[in-house]
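Q: One file: run24.cif (mmCIF, C-alpha atoms and all ligand atoms).
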```
data_coords
#
loop_
_atom_site.group_PDB
_atom_site.id
_atom_site.type_symbol
_atom_site.label_atom_id
_atom_site.label_comp_id
_atom_site.auth_asym_id
_atom_site.auth_seq_id
_atom_site.Cartn_x
_atom_site.Cartn_y
_atom_site.Cartn_z
ATOM 1 C CA MET B 30 1.595 -94.067 80.412
ATOM 2 C CA GLN B 31 -0.626 -91.249 81.697
ATOM 3 C CA LYS B 32 -2.875 -91.600 78.657
ATOM 4 C CA TRP B 33 -3.673 -95.146 79.703
ATOM 5 C CA ILE B 34 -4.600 -94.015 83.175
ATOM 6 C CA VAL B 35 -6.846 -91.243 81.813
ATOM 7 C CA SER B 36 -8.595 -93.496 79.322
ATOM 8 C CA GLY B 37 -8.974 -96.118 82.035
ATOM 9 C CA ILE B 38 -10.740 -93.605 84.231
ATOM 10 C CA VAL B 39 -12.907 -92.451 81.346
ATOM 11 C CA THR B 40 -13.853 -96.043 80.557
ATOM 12 C CA VAL B 41 -14.798 -96.756 84.160
ATOM 13 C CA ALA B 42 -16.806 -93.531 84.309
ATOM 14 C CA CYS B 43 -18.645 -94.478 81.103
ATOM 15 C CA LEU B 44 -19.431 -97.965 82.386
ATOM 16 C CA PHE B 45 -20.718 -96.467 85.605
ATOM 17 C CA GLY B 46 -22.869 -94.062 83.579
ATOM 18 C CA ILE B 47 -24.302 -96.932 81.553
ATOM 19 C CA TYR B 48 -24.908 -98.855 84.766
ATOM 20 C CA LEU B 49 -26.845 -95.893 86.164
ATOM 21 C CA LEU B 50 -28.841 -95.531 82.967
ATOM 22 C CA VAL B 51 -29.755 -99.203 82.833
ATOM 23 C CA TYR B 52 -30.470 -99.802 86.498
ATOM 24 C CA ASP B 53 -31.687 -96.439 87.673
ATOM 25 C CA MET B 54 -33.981 -95.384 84.825
ATOM 26 C CA PRO B 55 -36.566 -98.141 85.214
ATOM 27 C CA ASN B 56 -36.878 -97.272 88.903
ATOM 28 C CA LYS B 57 -37.523 -93.659 88.074
ATOM 29 C CA GLU B 58 -40.134 -94.656 85.510
ATOM 30 C CA ASN B 59 -41.821 -96.887 88.059
ATOM 31 C CA ALA B 60 -41.878 -94.076 90.562
ATOM 32 C CA ALA B 61 -43.608 -91.809 88.055
ATOM 33 C CA VAL B 62 -46.381 -94.301 87.364
ATOM 34 C CA PRO B 63 -49.211 -93.756 89.841
ATOM 35 C CA SER B 64 -49.645 -96.902 91.852
ATOM 36 C CA GLU B 65 -52.777 -98.855 91.103
ATOM 37 C CA SER B 66 -53.601 -99.564 94.708
ATOM 38 C CA VAL B 67 -54.247 -96.610 96.938
ATOM 39 C CA SER B 68 -54.235 -97.010 100.667
ATOM 40 C CA ILE B 69 -56.459 -94.685 102.615
ATOM 41 C CA PRO B 70 -55.154 -93.600 105.998
ATOM 42 C CA ASP B 71 -57.553 -94.222 108.880
ATOM 43 C CA THR B 72 -57.875 -90.637 109.988
ATOM 44 C CA PRO B 73 -60.648 -89.959 112.505
ATOM 45 C CA VAL B 74 -63.695 -88.758 110.610
ATOM 46 C CA ASP B 75 -64.742 -85.166 111.085
ATOM 47 C CA ALA B 76 -68.396 -85.696 110.201
ATOM 48 C CA ASP B 77 -69.196 -81.976 110.100
ATOM 49 C CA ALA B 78 -66.370 -81.287 107.678
ATOM 50 C CA ALA B 79 -67.361 -84.299 105.577
ATOM 51 C CA MET B 80 -70.971 -83.188 105.421
ATOM 52 C CA GLN B 81 -69.986 -79.718 104.332
ATOM 53 C CA ILE B 82 -67.907 -81.113 101.481
ATOM 54 C CA TYR B 83 -70.763 -83.467 100.632
ATOM 55 C CA ARG B 84 -73.325 -80.672 100.593
ATOM 56 C CA SER B 85 -71.397 -78.505 98.202
ATOM 57 C CA ASN B 86 -70.142 -81.246 95.875
ATOM 58 C CA CYS B 87 -72.260 -84.363 96.045
ATOM 59 C CA LEU B 88 -75.725 -83.557 97.362
ATOM 60 C CA SER B 89 -76.995 -82.401 93.980
ATOM 61 C CA CYS B 90 -76.738 -85.955 92.646
ATOM 62 C CA HIS B 91 -76.743 -88.160 95.715
ATOM 63 C CA GLY B 92 -79.469 -86.296 97.559
ATOM 64 C CA ASP B 93 -80.083 -84.910 100.967
ATOM 65 C CA GLN B 94 -79.453 -87.647 103.583
ATOM 66 C CA LEU B 95 -77.431 -89.618 100.960
ATOM 67 C CA SER B 96 -80.768 -90.946 99.760
ATOM 68 C CA GLY B 97 -79.901 -90.900 96.084
ATOM 69 C CA GLY B 98 -81.271 -89.094 93.069
ATOM 70 C CA PHE B 99 -79.358 -88.896 89.837
ATOM 71 C CA GLY B 100 -76.614 -90.891 91.595
ATOM 72 C CA PRO B 101 -77.186 -93.992 93.709
ATOM 73 C CA ASN B 102 -78.220 -94.037 97.359
ATOM 74 C CA LEU B 103 -75.105 -93.955 99.545
ATOM 75 C CA THR B 104 -76.582 -94.809 102.946
ATOM 76 C CA ASN B 105 -75.184 -98.344 102.776
ATOM 77 C CA VAL B 106 -72.122 -97.692 100.649
ATOM 78 C CA GLY B 107 -69.707 -98.618 103.457
ATOM 79 C CA ALA B 108 -71.123 -102.133 103.455
ATOM 80 C CA THR B 109 -71.018 -102.653 99.702
ATOM 81 C CA MET B 110 -67.762 -100.965 98.693
ATOM 82 C CA ASP B 111 -64.340 -100.980 100.314
ATOM 83 C CA LYS B 112 -62.526 -97.745 101.041
ATOM 84 C CA GLU B 113 -60.197 -98.027 98.080
ATOM 85 C CA THR B 114 -63.145 -98.383 95.705
ATOM 86 C CA ILE B 115 -64.997 -95.471 97.278
ATOM 87 C CA TYR B 116 -61.875 -93.323 97.030
ATOM 88 C CA LYS B 117 -61.394 -94.302 93.392
ATOM 89 C CA GLN B 118 -65.020 -93.528 92.540
ATOM 90 C CA ILE B 119 -64.772 -90.071 94.101
ATOM 91 C CA SER B 120 -61.372 -89.172 92.694
ATOM 92 C CA GLN B 121 -61.832 -90.719 89.239
ATOM 93 C CA GLY B 122 -65.606 -90.612 88.822
ATOM 94 C CA GLY B 123 -67.125 -92.759 86.087
ATOM 95 C CA GLY B 124 -70.553 -94.032 85.102
ATOM 96 C CA GLY B 125 -71.965 -90.509 84.874
ATOM 97 C CA MET B 126 -70.194 -89.137 87.922
ATOM 98 C CA PRO B 127 -67.554 -86.440 87.436
ATOM 99 C CA LYS B 128 -64.058 -86.901 88.854
ATOM 100 C CA PHE B 129 -63.143 -84.904 91.913
ATOM 101 C CA GLU B 130 -59.386 -85.429 92.072
ATOM 102 C CA SER B 131 -58.689 -81.878 90.934
ATOM 103 C CA LYS B 132 -61.708 -80.258 92.590
ATOM 104 C CA LEU B 133 -61.048 -81.493 96.111
ATOM 105 C CA THR B 134 -57.844 -81.676 98.112
ATOM 106 C CA GLU B 135 -56.337 -85.016 99.095
ATOM 107 C CA ASP B 136 -57.477 -84.329 102.678
ATOM 108 C CA GLU B 137 -61.035 -83.693 101.549
ATOM 109 C CA LEU B 138 -61.064 -86.857 99.432
ATOM 110 C CA ILE B 139 -59.864 -88.908 102.394
ATOM 111 C CA THR B 140 -62.341 -87.265 104.773
ATOM 112 C CA LEU B 141 -65.208 -88.078 102.402
ATOM 113 C CA THR B 142 -63.940 -91.616 101.838
ATOM 114 C CA ASN B 143 -63.647 -92.445 105.530
ATOM 115 C CA TRP B 144 -66.999 -90.832 106.241
ATOM 116 C CA LEU B 145 -68.776 -92.805 103.507
ATOM 117 C CA ALA B 146 -66.986 -96.013 104.494
ATOM 118 C CA GLY B 147 -68.788 -95.688 107.827
ATOM 119 C CA LYS B 148 -72.212 -95.561 106.172
ATOM 120 C CA LYS B 149 -73.544 -99.051 106.714
ATOM 121 C CA GLY B 150 -77.259 -98.579 106.380
ATOM 122 C CA ASP B 151 -78.485 -97.314 109.723
HETATM 123 C C1 LIG B 201 -73.227 -85.261 88.502
HETATM 124 C C2 LIG B 201 -73.769 -86.127 89.502
HETATM 125 C C3 LIG B 201 -72.857 -86.668 90.601
HETATM 126 C C4 LIG B 201 -72.123 -85.947 91.503
HETATM 127 C C5 LIG B 201 -71.979 -84.442 91.613
HETATM 128 C C6 LIG B 201 -71.512 -86.910 92.386
HETATM 129 N N1 LIG B 201 -71.859 -88.181 92.008
HETATM 130 FE FE1 LIG B 201 -71.306 -89.903 92.937
HETATM 131 N N2 LIG B 201 -72.229 -90.972 91.482
HETATM 132 C C7 LIG B 201 -72.976 -90.453 90.447
HETATM 133 C C8 LIG B 201 -73.442 -91.530 89.602
HETATM 134 C C9 LIG B 201 -74.305 -91.385 88.362
HETATM 135 C C10 LIG B 201 -72.942 -92.722 90.179
HETATM 136 C C11 LIG B 201 -73.101 -94.151 89.672
HETATM 137 C C12 LIG B 201 -71.836 -94.524 88.924
HETATM 138 C C13 LIG B 201 -71.856 -95.938 88.430
HETATM 139 O O1 LIG B 201 -72.847 -96.642 88.637
HETATM 140 O O2 LIG B 201 -70.847 -96.340 87.838
HETATM 141 C C14 LIG B 201 -72.199 -92.322 91.363
HETATM 142 C C15 LIG B 201 -71.573 -93.224 92.213
HETATM 143 C C16 LIG B 201 -70.970 -92.893 93.399
HETATM 144 C C17 LIG B 201 -70.437 -93.832 94.342
HETATM 145 C C18 LIG B 201 -70.487 -95.349 94.198
HETATM 146 C C19 LIG B 201 -71.818 -95.799 94.740
HETATM 147 C C20 LIG B 201 -72.229 -97.178 94.317
HETATM 148 O O3 LIG B 201 -72.976 -97.798 95.069
HETATM 149 O O4 LIG B 201 -71.829 -97.587 93.210
HETATM 150 C C21 LIG B 201 -69.922 -93.127 95.379
HETATM 151 C C22 LIG B 201 -69.252 -93.659 96.629
HETATM 152 C C23 LIG B 201 -70.127 -91.725 95.072
HETATM 153 N N3 LIG B 201 -70.774 -91.616 93.866
HETATM 154 C C24 LIG B 201 -69.734 -90.690 95.880
HETATM 155 C C25 LIG B 201 -69.832 -89.354 95.521
HETATM 156 C C26 LIG B 201 -69.275 -88.278 96.292
HETATM 157 C C27 LIG B 201 -68.567 -88.418 97.625
HETATM 158 C C28 LIG B 201 -69.523 -87.129 95.600
HETATM 159 C C29 LIG B 201 -69.090 -85.719 95.960
HETATM 160 C C30 LIG B 201 -67.684 -85.491 96.088
HETATM 161 C C31 LIG B 201 -70.248 -87.486 94.404
HETATM 162 N N4 LIG B 201 -70.408 -88.840 94.386
HETATM 163 C C32 LIG B 201 -70.705 -86.581 93.457
HETATM 164 C C33 LIG B 201 -73.254 -89.119 90.229
HETATM 165 C C34 LIG B 201 -72.681 -88.071 90.917
#
```
Just give me the structure of the file as structure tokens.
A:
Amino acid sequence: MQKWIVSGIVTVACLFGIYLLVYDMPNKENAAVPSESVSIPDTPVDADAAMQIYRSNCLSCHGDQLSGGFGPNLTNVGATMDKETIYKQISQGGGGMPKFESKLTEDELITLTNWLAGKKGD
């Protein structure tokens, strides 16, 4: 009689384990995949901080005054690219530009993004 109870419990435990494997695993995998769409928080832009980051990382290609050089002019970039695209370009690079995701902190990336998003050709 007791054997039946024990094997019943074991069976239920196994089914529960399988349930967890089947229903929980895909969620964990999804969580590990970096989401395609990033959303950039609207933090107030510290222009001085942004310019300092720009000077030491970007100026060599994008020029003094964002006027361009090896990289394109960025004085109007806020009007031609949305924040998500700007963020992606800075963090992932591409088209001859290096990626900065491991060179800058998340805060620095967001500061630069919000700063550039405000550049609408004035
Ligand atoms: C080694 C040179 C180089 C450096 C350093 C560099 N960039 Fe670029 N950047 C480029 C090039 C080249 C492109 C054009 C890429 C393309 O057309 O796909 C570009 C494109 C961009 C764009 C998109 C502009 C557009 O109109 O398409 C943004 C925004 C940008 N860079 C921001 C930055 C920021 C911010 C930094 C500093 C963290 C930086 N870049 C550092 C070379 C550079």
Q: Compute the set of protein, DNA and RNA residues whose minimum atom distance to ligand LIG 201 (chain B) is at most 10 Å, using all atoms listed in the file, and state it as a count of residues only.
A: 57
Q: Record the distance separating atom CA of B:Asp93 and atom CA of B:Gln81, expressed in Å with one decimal.
A: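 A separation of 11.8 Å between them.
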Q: Atom CA of B:Glu113 to atom CA of B:Val67: how many Å, to one decimal?
A: 6.2 Å
Q: I'd like the interatomic distance between atom CA of B:Lys149 and atom CA of B:Ile69, to a tenth of an Å.
A: 18.1 Å
